[in-house]
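> This is final.csv, which holds CSV, N, CA and C atoms:
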```
chain,number,residue,atom,x,y,z
A,1,MET,N,16.9,-4.7,-0.5
A,1,MET,CA,17.3,-5.3,0.8
A,1,MET,C,16.4,-6.5,1.0
A,2,THR,N,17.0,-7.6,1.5
A,2,THR,CA,16.2,-8.8,1.8
A,2,THR,C,15.9,-8.7,3.3
A,3,VAL,N,14.6,-9.0,3.6
A,3,VAL,CA,14.1,-8.9,5.0
A,3,VAL,C,13.4,-10.2,5.4
A,4,VAL,N,13.7,-10.7,6.5
A,4,VAL,CA,12.9,-11.8,7.1
A,4,VAL,C,12.5,-11.4,8.5
A,5,LYS,N,11.3,-11.6,8.9
A,5,LYS,CA,10.8,-11.3,10.2
A,5,LYS,C,10.7,-12.6,11.0
A,6,VAL,N,11.2,-12.6,12.3
A,6,VAL,CA,11.1,-13.7,13.1
A,6,VAL,C,10.2,-13.4,14.3
A,7,THR,N,9.2,-14.2,14.5
A,7,THR,CA,8.3,-14.0,15.6
A,7,THR,C,8.3,-15.2,16.5
A,8,ARG,N,8.1,-15.0,17.8
A,8,ARG,CA,8.0,-16.0,18.8
A,8,ARG,C,6.7,-16.8,18.7
A,9,ALA,N,6.8,-18.1,18.6
A,9,ALA,CA,5.6,-18.9,18.6
A,9,ALA,C,5.4,-19.6,20.0
A,10,GLY,N,6.4,-19.6,20.8
A,10,GLY,CA,6.4,-20.2,22.1
A,10,GLY,C,7.9,-20.2,22.6
A,11,LEU,N,8.1,-20.7,23.8
A,11,LEU,CA,9.4,-20.7,24.4
A,11,LEU,C,10.3,-21.5,23.5
A,12,GLY,N,11.3,-20.9,23.0
A,12,GLY,CA,12.3,-21.5,22.1
A,12,GLY,C,11.8,-21.9,20.7
A,13,ARG,N,10.7,-21.4,20.3
A,13,ARG,CA,10.1,-21.8,19.0
A,13,ARG,C,9.7,-20.5,18.3
A,14,TYR,N,10.0,-20.4,17.0
A,14,TYR,CA,9.9,-19.2,16.2
A,14,TYR,C,9.4,-19.5,14.9
A,15,VAL,N,8.9,-18.5,14.2
A,15,VAL,CA,8.4,-18.5,12.8
A,15,VAL,C,9.1,-17.4,12.1
A,16,ALA,N,9.7,-17.8,11.0
A,16,ALA,CA,10.3,-16.8,10.1
A,16,ALA,C,9.4,-16.6,8.9
A,17,THR,N,9.2,-15.3,8.6
A,17,THR,CA,8.3,-15.0,7.5
A,17,THR,C,9.0,-14.0,6.5
A,18,ASN,N,9.0,-14.4,5.2
A,18,ASN,CA,9.6,-13.5,4.3
A,18,ASN,C,8.6,-12.5,3.7
A,19,ALA,N,9.1,-11.6,2.8
A,19,ALA,CA,8.2,-10.6,2.2
A,19,ALA,C,7.0,-11.1,1.4
A,20,ASP,N,7.2,-12.4,0.9
A,20,ASP,CA,6.1,-13.0,0.1
A,20,ASP,C,5.1,-13.7,1.0
A,21,GLY,N,5.4,-13.8,2.3
A,21,GLY,CA,4.5,-14.4,3.2
A,21,GLY,C,4.8,-15.9,3.5
A,22,ALA,N,5.8,-16.4,2.9
A,22,ALA,CA,6.2,-17.8,3.1
A,22,ALA,C,6.8,-17.9,4.6
A,23,THR,N,6.5,-19.0,5.2
A,23,THR,CA,6.9,-19.2,6.6
A,23,THR,C,7.7,-20.5,6.8
A,24,ILE,N,8.5,-20.5,7.8
A,24,ILE,CA,9.2,-21.7,8.2
A,24,ILE,C,9.3,-21.6,9.8
A,25,ARG,N,9.0,-22.8,10.4
A,25,ARG,CA,9.1,-22.9,11.8
A,25,ARG,C,10.4,-23.4,12.2
A,26,PHE,N,11.0,-23.0,13.3
A,26,PHE,CA,12.2,-23.5,13.8
A,26,PHE,C,12.4,-23.2,15.3
A,27,GLY,N,13.4,-23.8,15.9
A,27,GLY,CA,13.7,-23.5,17.3
A,27,GLY,C,14.2,-24.7,18.0
A,28,GLN,N,13.9,-24.8,19.3
A,28,GLN,CA,14.3,-26.0,20.0
A,28,GLN,C,13.2,-27.0,20.1
A,29,GLY,N,13.5,-28.2,20.0
A,29,GLY,CA,12.5,-29.3,20.1
A,29,GLY,C,12.8,-30.4,19.0
A,30,ASP,N,12.3,-31.5,19.3
A,30,ASP,CA,12.5,-32.7,18.4
A,30,ASP,C,11.9,-32.5,17.0
A,31,ASP,N,10.9,-31.7,16.9
A,31,ASP,CA,10.2,-31.6,15.6
A,31,ASP,C,10.5,-30.3,14.9
A,32,GLU,N,11.6,-29.6,15.3
A,32,GLU,CA,11.9,-28.3,14.7
A,32,GLU,C,13.3,-28.4,14.2
A,33,PHE,N,13.6,-27.6,13.1
A,33,PHE,CA,15.0,-27.3,12.7
A,33,PHE,C,15.5,-26.3,13.7
A,34,SER,N,16.8,-26.5,14.1
A,34,SER,CA,17.5,-25.5,14.9
A,34,SER,C,18.0,-24.4,14.1
A,35,SER,N,18.4,-23.3,14.7
A,35,SER,CA,18.9,-22.2,13.9
A,35,SER,C,20.2,-22.6,13.1
A,36,VAL,N,21.0,-23.4,13.8
A,36,VAL,CA,22.2,-23.9,13.1
A,36,VAL,C,21.9,-24.8,11.9
A,37,GLU,N,20.9,-25.6,12.1
A,37,GLU,CA,20.5,-26.5,10.9
A,37,GLU,C,19.9,-25.7,9.8
A,38,LEU,N,19.2,-24.6,10.1
A,38,LEU,CA,18.7,-23.7,9.1
A,38,LEU,C,19.8,-23.0,8.3
A,39,LEU,N,20.9,-22.6,9.0
A,39,LEU,CA,22.0,-22.0,8.4
A,39,LEU,C,22.7,-23.0,7.4
A,40,LEU,N,22.8,-24.3,7.9
A,40,LEU,CA,23.4,-25.3,7.0
A,40,LEU,C,22.5,-25.6,5.8
A,41,ALA,N,21.2,-25.6,6.1
A,41,ALA,CA,20.2,-25.8,5.0
A,41,ALA,C,20.3,-24.7,4.0
A,42,ALA,N,20.4,-23.5,4.5
A,42,ALA,CA,20.5,-22.3,3.6
A,42,ALA,C,21.8,-22.4,2.7
A,43,LEU,N,22.9,-22.9,3.3
A,43,LEU,CA,24.1,-23.0,2.5
A,43,LEU,C,23.9,-24.1,1.4
A,44,GLY,N,23.3,-25.2,1.8
A,44,GLY,CA,23.1,-26.3,0.9
A,44,GLY,C,22.1,-25.9,-0.2
A,45,GLY,N,21.0,-25.2,0.2
A,45,GLY,CA,20.1,-24.7,-0.8
A,45,GLY,C,20.6,-23.7,-1.8
A,46,CYS,N,21.4,-22.8,-1.3
A,46,CYS,CA,22.0,-21.7,-2.1
A,46,CYS,C,22.9,-22.3,-3.1
A,47,THR,N,23.9,-23.1,-2.7
A,47,THR,CA,24.8,-23.7,-3.6
A,47,THR,C,24.1,-24.7,-4.5
A,48,GLY,N,23.1,-25.4,-4.0
A,48,GLY,CA,22.3,-26.4,-4.8
A,48,GLY,C,21.6,-25.7,-5.9
A,49,ILE,N,21.0,-24.6,-5.7
A,49,ILE,CA,20.3,-23.9,-6.8
A,49,ILE,C,21.3,-23.5,-7.9
A,50,ASP,N,22.5,-23.0,-7.5
A,50,ASP,CA,23.5,-22.7,-8.5
A,50,ASP,C,23.8,-23.9,-9.4
A,51,VAL,N,24.2,-25.0,-8.7
A,51,VAL,CA,24.7,-26.2,-9.4
A,51,VAL,C,23.5,-26.8,-10.2
A,52,ASP,N,22.3,-26.8,-9.7
A,52,ASP,CA,21.2,-27.3,-10.4
A,52,ASP,C,20.9,-26.6,-11.7
A,53,TYR,N,20.9,-25.3,-11.7
A,53,TYR,CA,20.7,-24.5,-12.9
A,53,TYR,C,21.8,-24.8,-13.9
A,54,LEU,N,23.0,-24.8,-13.4
A,54,LEU,CA,24.2,-25.0,-14.4
A,54,LEU,C,24.2,-26.4,-15.0
A,55,THR,N,23.9,-27.4,-14.2
A,55,THR,CA,23.9,-28.8,-14.8
A,55,THR,C,22.7,-29.2,-15.5
A,56,SER,N,21.5,-28.8,-15.0
A,56,SER,CA,20.2,-29.3,-15.5
A,56,SER,C,20.0,-28.7,-16.9
A,57,ARG,N,20.7,-27.7,-17.3
A,57,ARG,CA,20.6,-27.2,-18.7
A,57,ARG,C,21.0,-28.3,-19.7
A,58,ARG,N,21.9,-29.1,-19.2
A,58,ARG,CA,22.5,-30.2,-20.0
A,58,ARG,C,21.6,-31.5,-19.9
A,59,CYS,N,21.2,-31.8,-18.7
A,59,CYS,CA,20.5,-33.0,-18.4
A,59,CYS,C,19.8,-33.0,-17.1
A,60,GLU,N,18.6,-33.5,-17.0
A,60,GLU,CA,17.9,-33.6,-15.7
A,60,GLU,C,18.6,-34.7,-14.9
A,61,PRO,N,18.9,-34.4,-13.6
A,61,PRO,CA,19.5,-35.4,-12.8
A,61,PRO,C,18.6,-36.6,-12.4
A,62,GLU,N,19.2,-37.8,-12.3
A,62,GLU,CA,18.4,-38.9,-11.7
A,62,GLU,C,18.3,-38.8,-10.2
A,63,SER,N,19.3,-38.2,-9.6
A,63,SER,CA,19.2,-37.9,-8.2
A,63,SER,C,20.1,-36.7,-7.9
A,64,PHE,N,19.7,-36.0,-6.9
A,64,PHE,CA,20.4,-34.7,-6.5
A,64,PHE,C,20.3,-34.6,-5.0
A,65,GLU,N,21.4,-34.7,-4.3
A,65,GLU,CA,21.4,-34.6,-2.9
A,65,GLU,C,22.6,-33.9,-2.5
A,66,ILE,N,22.5,-33.0,-1.5
A,66,ILE,CA,23.6,-32.2,-0.9
A,66,ILE,C,23.5,-32.4,0.6
A,67,GLU,N,24.7,-32.8,1.2
A,67,GLU,CA,24.8,-33.0,2.6
A,67,GLU,C,25.7,-31.9,3.1
A,68,VAL,N,25.2,-31.1,4.1
A,68,VAL,CA,26.0,-30.0,4.7
A,68,VAL,C,26.2,-30.4,6.1
A,69,SER,N,27.5,-30.4,6.5
A,69,SER,CA,27.8,-30.8,7.9
A,69,SER,C,28.8,-29.7,8.5
A,70,ALA,N,28.8,-29.7,9.8
A,70,ALA,CA,29.7,-28.7,10.5
A,70,ALA,C,29.9,-29.2,11.9
A,71,GLN,N,31.0,-28.9,12.5
A,71,GLN,CA,31.2,-29.1,13.9
A,71,GLN,C,30.9,-27.9,14.7
A,72,LYS,N,29.9,-28.0,15.7
A,72,LYS,CA,29.6,-26.9,16.5
A,72,LYS,C,30.6,-26.9,17.7
A,73,VAL,N,31.2,-25.8,17.9
A,73,VAL,CA,32.3,-25.6,18.9
A,73,VAL,C,31.8,-24.6,19.9
A,74,SER,N,32.0,-24.9,21.2
A,74,SER,CA,31.7,-24.0,22.3
A,74,SER,C,33.0,-23.9,23.1
A,75,ASP,N,33.8,-22.9,22.8
A,75,ASP,CA,35.1,-22.7,23.5
A,75,ASP,C,35.1,-21.3,24.1
A,76,GLY,N,34.0,-20.9,24.6
A,76,GLY,CA,33.9,-19.5,25.1
A,76,GLY,C,33.1,-18.7,24.2
A,77,THR,N,33.1,-19.0,22.9
A,77,THR,CA,32.2,-18.4,21.9
A,77,THR,C,31.7,-19.6,21.1
A,78,ASN,N,30.4,-19.5,20.8
A,78,ASN,CA,29.8,-20.6,19.9
A,78,ASN,C,30.0,-20.3,18.5
A,79,HIS,N,30.5,-21.3,17.7
A,79,HIS,CA,30.7,-21.1,16.3
A,79,HIS,C,30.8,-22.5,15.6
A,80,LEU,N,30.8,-22.5,14.3
A,80,LEU,CA,31.0,-23.7,13.5
A,80,LEU,C,32.4,-23.8,13.0
A,81,GLU,N,32.9,-25.0,12.9
A,81,GLU,CA,34.1,-25.3,12.2
A,81,GLU,C,33.9,-26.5,11.3
A,82,ASP,N,34.9,-26.6,10.4
A,82,ASP,CA,34.9,-27.8,9.5
A,82,ASP,C,33.6,-27.9,8.8
A,83,VAL,N,33.1,-26.8,8.2
A,83,VAL,CA,31.9,-26.8,7.4
A,83,VAL,C,32.2,-27.5,6.1
A,84,LYS,N,31.4,-28.5,5.8
A,84,LYS,CA,31.6,-29.3,4.6
A,84,LYS,C,30.3,-29.5,3.8
A,85,VAL,N,30.4,-29.3,2.5
A,85,VAL,CA,29.3,-29.5,1.6
A,85,VAL,C,29.6,-30.6,0.6
A,86,THR,N,28.8,-31.7,0.7
A,86,THR,CA,29.1,-32.8,-0.1
A,86,THR,C,27.9,-33.0,-1.1
A,87,PHE,N,28.3,-33.0,-2.4
A,87,PHE,CA,27.3,-33.2,-3.5
A,87,PHE,C,27.2,-34.6,-3.9
A,88,ARG,N,26.0,-35.1,-4.0
A,88,ARG,CA,25.8,-36.5,-4.5
A,88,ARG,C,24.8,-36.4,-5.7
A,89,LEU,N,25.3,-36.3,-6.9
A,89,LEU,CA,24.4,-36.1,-8.1
A,89,LEU,C,24.7,-37.3,-9.0
A,90,ARG,N,23.6,-37.7,-9.6
A,90,ARG,CA,23.7,-38.8,-10.6
A,90,ARG,C,22.9,-38.3,-11.8
A,91,PHE,N,23.5,-38.5,-13.0
A,91,PHE,CA,22.9,-38.2,-14.3
A,91,PHE,C,22.8,-39.5,-15.1
A,92,PRO,N,21.8,-39.5,-16.0
A,92,PRO,CA,21.7,-40.8,-16.8
A,92,PRO,C,22.9,-41.0,-17.7
A,93,ASP,N,23.1,-42.2,-18.1
A,93,ASP,CA,24.1,-42.5,-19.1
A,93,ASP,C,23.7,-41.8,-20.4
A,94,GLY,N,24.7,-41.6,-21.2
A,94,GLY,CA,24.4,-41.0,-22.5
A,94,GLY,C,25.1,-39.6,-22.7
A,95,PRO,N,25.0,-39.0,-23.9
A,95,PRO,CA,25.7,-37.8,-24.1
A,95,PRO,C,25.2,-36.6,-23.3
A,96,ASP,N,23.9,-36.5,-23.0
A,96,ASP,CA,23.4,-35.4,-22.2
A,96,ASP,C,23.9,-35.5,-20.8
A,97,GLY,N,23.9,-36.7,-20.2
A,97,GLY,CA,24.4,-37.0,-18.9
A,97,GLY,C,25.9,-36.7,-18.8
A,98,ASP,N,26.6,-37.1,-19.9
A,98,ASP,CA,28.0,-36.8,-19.9
A,98,ASP,C,28.3,-35.3,-19.9
A,99,ARG,N,27.5,-34.5,-20.6
A,99,ARG,CA,27.7,-33.0,-20.6
A,99,ARG,C,27.4,-32.5,-19.2
A,100,ALA,N,26.4,-33.0,-18.5
A,100,ALA,CA,26.1,-32.5,-17.2
A,100,ALA,C,27.3,-32.9,-16.2
A,101,ARG,N,27.8,-34.1,-16.3
A,101,ARG,CA,28.9,-34.5,-15.5
A,101,ARG,C,30.1,-33.7,-15.8
A,102,ASP,N,30.3,-33.3,-17.1
A,102,ASP,CA,31.5,-32.5,-17.4
A,102,ASP,C,31.5,-31.1,-16.8
A,103,VAL,N,30.3,-30.5,-16.7
A,103,VAL,CA,30.2,-29.2,-16.1
A,103,VAL,C,30.1,-29.1,-14.6
A,104,LEU,N,29.9,-30.3,-14.0
A,104,LEU,CA,29.6,-30.4,-12.6
A,104,LEU,C,30.7,-29.8,-11.7
A,105,PRO,N,32.0,-30.2,-11.9
A,105,PRO,CA,33.1,-29.6,-11.1
A,105,PRO,C,33.2,-28.1,-11.2
A,106,ALA,N,33.1,-27.6,-12.4
A,106,ALA,CA,33.2,-26.1,-12.6
A,106,ALA,C,31.9,-25.4,-12.0
A,107,SER,N,30.8,-26.1,-12.0
A,107,SER,CA,29.6,-25.5,-11.4
A,107,SER,C,29.7,-25.4,-9.9
A,108,VAL,N,30.2,-26.5,-9.3
A,108,VAL,CA,30.4,-26.4,-7.8
A,108,VAL,C,31.4,-25.3,-7.5
A,109,GLU,N,32.5,-25.2,-8.3
A,109,GLU,CA,33.5,-24.2,-8.0
A,109,GLU,C,33.0,-22.8,-8.2
A,110,ARG,N,32.2,-22.6,-9.3
A,110,ARG,CA,31.6,-21.3,-9.5
A,110,ARG,C,30.7,-20.9,-8.3
A,111,SER,N,29.9,-21.8,-7.9
A,111,SER,CA,29.0,-21.5,-6.8
A,111,SER,C,29.8,-21.2,-5.5
A,112,HIS,N,30.8,-22.0,-5.2
A,112,HIS,CA,31.6,-21.7,-4.0
A,112,HIS,C,32.3,-20.4,-4.1
A,113,ASP,N,32.9,-20.1,-5.3
A,113,ASP,CA,33.8,-19.0,-5.4
A,113,ASP,C,33.1,-17.6,-5.6
A,114,ARG,N,31.9,-17.6,-6.2
A,114,ARG,CA,31.3,-16.3,-6.4
A,114,ARG,C,29.8,-16.3,-6.5
A,115,LEU,N,29.1,-17.4,-6.7
A,115,LEU,CA,27.6,-17.3,-6.9
A,115,LEU,C,26.8,-17.4,-5.7
A,116,CYS,N,27.1,-18.3,-4.8
A,116,CYS,CA,26.3,-18.6,-3.6
A,116,CYS,C,26.5,-17.5,-2.5
A,117,THR,N,25.5,-16.7,-2.4
A,117,THR,CA,25.5,-15.5,-1.4
A,117,THR,C,25.7,-16.0,0.0
A,118,VAL,N,25.0,-17.1,0.4
A,118,VAL,CA,25.1,-17.6,1.7
A,118,VAL,C,26.6,-18.1,2.0
A,119,GLY,N,27.1,-18.9,1.1
A,119,GLY,CA,28.5,-19.4,1.3
A,119,GLY,C,29.5,-18.3,1.3
A,120,ARG,N,29.4,-17.3,0.4
A,120,ARG,CA,30.3,-16.2,0.4
A,120,ARG,C,30.2,-15.4,1.7
A,121,THR,N,29.0,-15.2,2.2
A,121,THR,CA,28.9,-14.5,3.5
A,121,THR,C,29.5,-15.2,4.6
A,122,ILE,N,29.3,-16.5,4.7
A,122,ILE,CA,29.9,-17.3,5.8
A,122,ILE,C,31.4,-17.2,5.7
A,123,GLU,N,32.0,-17.3,4.5
A,123,GLU,CA,33.4,-17.3,4.4
A,123,GLU,C,34.1,-15.9,4.6
A,124,LEU,N,33.4,-14.9,4.3
A,124,LEU,CA,34.0,-13.6,4.4
A,124,LEU,C,33.6,-13.0,5.8
A,125,PRO,N,34.5,-12.2,6.3
A,125,PRO,CA,34.1,-11.5,7.5
A,125,PRO,C,33.0,-10.5,7.2
A,126,THR,N,31.8,-10.7,7.9
A,126,THR,CA,30.7,-9.9,7.6
A,126,THR,C,30.2,-9.3,9.0
A,127,PRO,N,30.3,-8.0,9.1
A,127,PRO,CA,29.8,-7.4,10.4
A,127,PRO,C,28.3,-7.5,10.5
A,128,ILE,N,27.8,-7.7,11.7
A,128,ILE,CA,26.4,-7.8,11.9
A,128,ILE,C,26.1,-6.7,12.9
A,129,ALA,N,25.2,-5.8,12.5
A,129,ALA,CA,24.7,-4.7,13.3
A,129,ALA,C,23.5,-5.1,14.1
A,130,THR,N,23.4,-4.9,15.4
A,130,THR,CA,22.2,-5.2,16.1
A,130,THR,C,21.6,-3.9,16.6
A,131,HIS,N,20.3,-3.8,16.7
A,131,HIS,CA,19.6,-2.6,17.1
A,131,HIS,C,18.4,-3.0,18.1
A,132,LEU,N,18.2,-2.2,19.1
A,132,LEU,CA,17.0,-2.4,19.9
A,132,LEU,C,16.1,-1.2,19.6
A,133,GLU,N,14.8,-1.6,19.5
A,133,GLU,CA,13.8,-0.5,19.3
A,133,GLU,C,12.8,-0.5,20.4
```
Let me see whether you can do it: turn the structure in this file into structure tokens.

Amino acid sequence: MTVVKVTRAGLGRYVATNADGATIRFGQGDDEFSSVELLLAALGGCTGIDVDYLTSRRCEPESFEIEVSAQKVSDGTNHLEDVKVTFRLRFPDGPDGDRARDVLPASVERSHDRLCTVGRTIELPTPIATHLE
């Protein structure tokens, strides 16, 4: 089981800590990632890792950028719509770069359809249980 603990660092500010002790600060404020931004970053990171491993076996990219965007909707319930993941990858000219470019579309598709846990969870109905202790 994956576990992350979230502790309050101040009003509207939190620190997430994983089992290895790594931390990330987030919350409200100009210098913090919001919870929604963290979700989008998790989606970009998850699918990015998949695509990176599948393409970099062929060739190291010259540039690798993923933009994740979504429309936040407040219509009685808050949620995201129109979630979009845009890949901007460049590989060098030559046969190795050609091989990486050739596998890129299938790599993105494999990540979306079955590899990226975050993306699959967002797309599938996933019940969330809450508990008070």
> Could you check how far CA of Glu62 (chain A) sits from CA of Gly97 (chain A), in Å to one decimal?
9.6 Å
> Once DSSP has gone over the backbone, tell me which residues of region 19-132 of chain A are in strand (DSSP E), as a PDB file with N, CA and C atoms, in the coordinates of the input.

```pdb
ATOM      1  N   THR A  23       6.500 -19.000   5.200  1.00  0.00           N
ATOM      2  CA  THR A  23       6.900 -19.200   6.600  1.00  0.00           C
ATOM      3  C   THR A  23       7.700 -20.500   6.800  1.00  0.00           C
ATOM      4  N   ILE A  24       8.500 -20.500   7.800  1.00  0.00           N
ATOM      5  CA  ILE A  24       9.200 -21.700   8.200  1.00  0.00           C
ATOM      6  C   ILE A  24       9.300 -21.600   9.800  1.00  0.00           C
ATOM      7  N   ARG A  25       9.000 -22.800  10.400  1.00  0.00           N
ATOM      8  CA  ARG A  25       9.100 -22.900  11.800  1.00  0.00           C
ATOM      9  C   ARG A  25      10.400 -23.400  12.200  1.00  0.00           C
ATOM     10  N   PHE A  26      11.000 -23.000  13.300  1.00  0.00           N
ATOM     11  CA  PHE A  26      12.200 -23.500  13.800  1.00  0.00           C
ATOM     12  C   PHE A  26      12.400 -23.200  15.300  1.00  0.00           C
ATOM     13  N   GLY A  27      13.400 -23.800  15.900  1.00  0.00           N
ATOM     14  CA  GLY A  27      13.700 -23.500  17.300  1.00  0.00           C
ATOM     15  C   GLY A  27      14.200 -24.700  18.000  1.00  0.00           C
ATOM     16  N   SER A  63      19.300 -38.200  -9.600  1.00  0.00           N
ATOM     17  CA  SER A  63      19.200 -37.900  -8.200  1.00  0.00           C
ATOM     18  C   SER A  63      20.100 -36.700  -7.900  1.00  0.00           C
ATOM     19  N   PHE A  64      19.700 -36.000  -6.900  1.00  0.00           N
ATOM     20  CA  PHE A  64      20.400 -34.700  -6.500  1.00  0.00           C
ATOM     21  C   PHE A  64      20.300 -34.600  -5.000  1.00  0.00           C
ATOM     22  N   GLU A  65      21.400 -34.700  -4.300  1.00  0.00           N
ATOM     23  CA  GLU A  65      21.400 -34.600  -2.900  1.00  0.00           C
ATOM     24  C   GLU A  65      22.600 -33.900  -2.500  1.00  0.00           C
ATOM     25  N   ILE A  66      22.500 -33.000  -1.500  1.00  0.00           N
ATOM     26  CA  ILE A  66      23.600 -32.200  -0.900  1.00  0.00           C
ATOM     27  C   ILE A  66      23.500 -32.400   0.600  1.00  0.00           C
ATOM     28  N   GLU A  67      24.700 -32.800   1.200  1.00  0.00           N
ATOM     29  CA  GLU A  67      24.800 -33.000   2.600  1.00  0.00           C
ATOM     30  C   GLU A  67      25.700 -31.900   3.100  1.00  0.00           C
ATOM     31  N   VAL A  68      25.200 -31.100   4.100  1.00  0.00           N
ATOM     32  CA  VAL A  68      26.000 -30.000   4.700  1.00  0.00           C
ATOM     33  C   VAL A  68      26.200 -30.400   6.100  1.00  0.00           C
ATOM     34  N   SER A  69      27.500 -30.400   6.500  1.00  0.00           N
ATOM     35  CA  SER A  69      27.800 -30.800   7.900  1.00  0.00           C
ATOM     36  C   SER A  69      28.800 -29.700   8.500  1.00  0.00           C
ATOM     37  N   ALA A  70      28.800 -29.700   9.800  1.00  0.00           N
ATOM     38  CA  ALA A  70      29.700 -28.700  10.500  1.00  0.00           C
ATOM     39  C   ALA A  70      29.900 -29.200  11.900  1.00  0.00           C
ATOM     40  N   GLN A  71      31.000 -28.900  12.500  1.00  0.00           N
ATOM     41  CA  GLN A  71      31.200 -29.100  13.900  1.00  0.00           C
ATOM     42  C   GLN A  71      30.900 -27.900  14.700  1.00  0.00           C
ATOM     43  N   LYS A  72      29.900 -28.000  15.700  1.00  0.00           N
ATOM     44  CA  LYS A  72      29.600 -26.900  16.500  1.00  0.00           C
ATOM     45  C   LYS A  72      30.600 -26.900  17.700  1.00  0.00           C
ATOM     46  N   VAL A  73      31.200 -25.800  17.900  1.00  0.00           N
ATOM     47  CA  VAL A  73      32.300 -25.600  18.900  1.00  0.00           C
ATOM     48  C   VAL A  73      31.800 -24.600  19.900  1.00  0.00           C
ATOM     49  N   SER A  74      32.000 -24.900  21.200  1.00  0.00           N
ATOM     50  CA  SER A  74      31.700 -24.000  22.300  1.00  0.00           C
ATOM     51  C   SER A  74      33.000 -23.900  23.100  1.00  0.00           C
ATOM     52  N   ASN A  78      30.400 -19.500  20.800  1.00  0.00           N
ATOM     53  CA  ASN A  78      29.800 -20.600  19.900  1.00  0.00           C
ATOM     54  C   ASN A  78      30.000 -20.300  18.500  1.00  0.00           C
ATOM     55  N   HIS A  79      30.500 -21.300  17.700  1.00  0.00           N
ATOM     56  CA  HIS A  79      30.700 -21.100  16.300  1.00  0.00           C
ATOM     57  C   HIS A  79      30.800 -22.500  15.600  1.00  0.00           C
ATOM     58  N   LEU A  80      30.800 -22.500  14.300  1.00  0.00           N
ATOM     59  CA  LEU A  80      31.000 -23.700  13.500  1.00  0.00           C
ATOM     60  C   LEU A  80      32.400 -23.800  13.000  1.00  0.00           C
ATOM     61  N   GLU A  81      32.900 -25.000  12.900  1.00  0.00           N
ATOM     62  CA  GLU A  81      34.100 -25.300  12.200  1.00  0.00           C
ATOM     63  C   GLU A  81      33.900 -26.500  11.300  1.00  0.00           C
ATOM     64  N   ASP A  82      34.900 -26.600  10.400  1.00  0.00           N
ATOM     65  CA  ASP A  82      34.900 -27.800   9.500  1.00  0.00           C
ATOM     66  C   ASP A  82      33.600 -27.900   8.800  1.00  0.00           C
ATOM     67  N   VAL A  83      33.100 -26.800   8.200  1.00  0.00           N
ATOM     68  CA  VAL A  83      31.900 -26.800   7.400  1.00  0.00           C
ATOM     69  C   VAL A  83      32.200 -27.500   6.100  1.00  0.00           C
ATOM     70  N   LYS A  84      31.400 -28.500   5.800  1.00  0.00           N
ATOM     71  CA  LYS A  84      31.600 -29.300   4.600  1.00  0.00           C
ATOM     72  C   LYS A  84      30.300 -29.500   3.800  1.00  0.00           C
ATOM     73  N   VAL A  85      30.400 -29.300   2.500  1.00  0.00           N
ATOM     74  CA  VAL A  85      29.300 -29.500   1.600  1.00  0.00           C
ATOM     75  C   VAL A  85      29.600 -30.600   0.600  1.00  0.00           C
ATOM     76  N   THR A  86      28.800 -31.700   0.700  1.00  0.00           N
ATOM     77  CA  THR A  86      29.100 -32.800  -0.100  1.00  0.00           C
ATOM     78  C   THR A  86      27.900 -33.000  -1.100  1.00  0.00           C
ATOM     79  N   PHE A  87      28.300 -33.000  -2.400  1.00  0.00           N
ATOM     80  CA  PHE A  87      27.300 -33.200  -3.500  1.00  0.00           C
ATOM     81  C   PHE A  87      27.200 -34.600  -3.900  1.00  0.00           C
ATOM     82  N   ARG A  88      26.000 -35.100  -4.000  1.00  0.00           N
ATOM     83  CA  ARG A  88      25.800 -36.500  -4.500  1.00  0.00           C
ATOM     84  C   ARG A  88      24.800 -36.400  -5.700  1.00  0.00           C
ATOM     85  N   LEU A  89      25.300 -36.300  -6.900  1.00  0.00           N
ATOM     86  CA  LEU A  89      24.400 -36.100  -8.100  1.00  0.00           C
ATOM     87  C   LEU A  89      24.700 -37.300  -9.000  1.00  0.00           C
ATOM     88  N   ARG A  90      23.600 -37.700  -9.600  1.00  0.00           N
ATOM     89  CA  ARG A  90      23.700 -38.800 -10.600  1.00  0.00           C
ATOM     90  C   ARG A  90      22.900 -38.300 -11.800  1.00  0.00           C
TER      91      ARG A  90
END
```
> Tell me, which residues of region 28-75 of chain A carry DSSP alpha helix (DSSP H), written as a PyMOL selection string?
chain A and resi 35-56
> Quick one: pull the distance between atom C of Cys46 (chain A) and atom N of Ala22 (chain A), Å, one decimal.
19.1 Å
> Got a sec: who's within 6.5 Å of Arg90 (chain A), counting only N, CA and C atoms, leaving out chain neighbours fewer than 4 positions off, as an MDAnalysis selection string?
chainID A and resid 60:65
> Could you name the residues that touch Lys5 (chain A) at 8 Å or less, counting all atoms listed in the file, but leaving out those on the same chain fewer than 2 positions away, as an mmCIF file with N, CA and C atoms, in the frame of the given file?

```cif
data_model
loop_
_atom_site.group_PDB
_atom_site.id
_atom_site.type_symbol
_atom_site.label_atom_id
_atom_site.label_comp_id
_atom_site.auth_asym_id
_atom_site.auth_seq_id
_atom_site.Cartn_x
_atom_site.Cartn_y
_atom_site.Cartn_z
ATOM 1 N N THR A 2 17.000 -7.600 1.500
ATOM 2 C CA THR A 2 16.200 -8.800 1.800
ATOM 3 C C THR A 2 15.900 -8.700 3.300
ATOM 4 N N VAL A 3 14.600 -9.000 3.600
ATOM 5 C CA VAL A 3 14.100 -8.900 5.000
ATOM 6 C C VAL A 3 13.400 -10.200 5.400
ATOM 7 N N THR A 7 9.200 -14.200 14.500
ATOM 8 C CA THR A 7 8.300 -14.000 15.600
ATOM 9 C C THR A 7 8.300 -15.200 16.500
ATOM 10 N N ARG A 8 8.100 -15.000 17.800
ATOM 11 C CA ARG A 8 8.000 -16.000 18.800
ATOM 12 C C ARG A 8 6.700 -16.800 18.700
ATOM 13 N N VAL A 15 8.900 -18.500 14.200
ATOM 14 C CA VAL A 15 8.400 -18.500 12.800
ATOM 15 C C VAL A 15 9.100 -17.400 12.100
ATOM 16 N N ALA A 16 9.700 -17.800 11.000
ATOM 17 C CA ALA A 16 10.300 -16.800 10.100
ATOM 18 C C ALA A 16 9.400 -16.600 8.900
ATOM 19 N N THR A 17 9.200 -15.300 8.600
ATOM 20 C CA THR A 17 8.300 -15.000 7.500
ATOM 21 C C THR A 17 9.000 -14.000 6.500
ATOM 22 N N ASN A 18 9.000 -14.400 5.200
ATOM 23 C CA ASN A 18 9.600 -13.500 4.300
ATOM 24 C C ASN A 18 8.600 -12.500 3.700
ATOM 25 N N ALA A 19 9.100 -11.600 2.800
ATOM 26 C CA ALA A 19 8.200 -10.600 2.200
ATOM 27 C C ALA A 19 7.000 -11.100 1.400
#
```
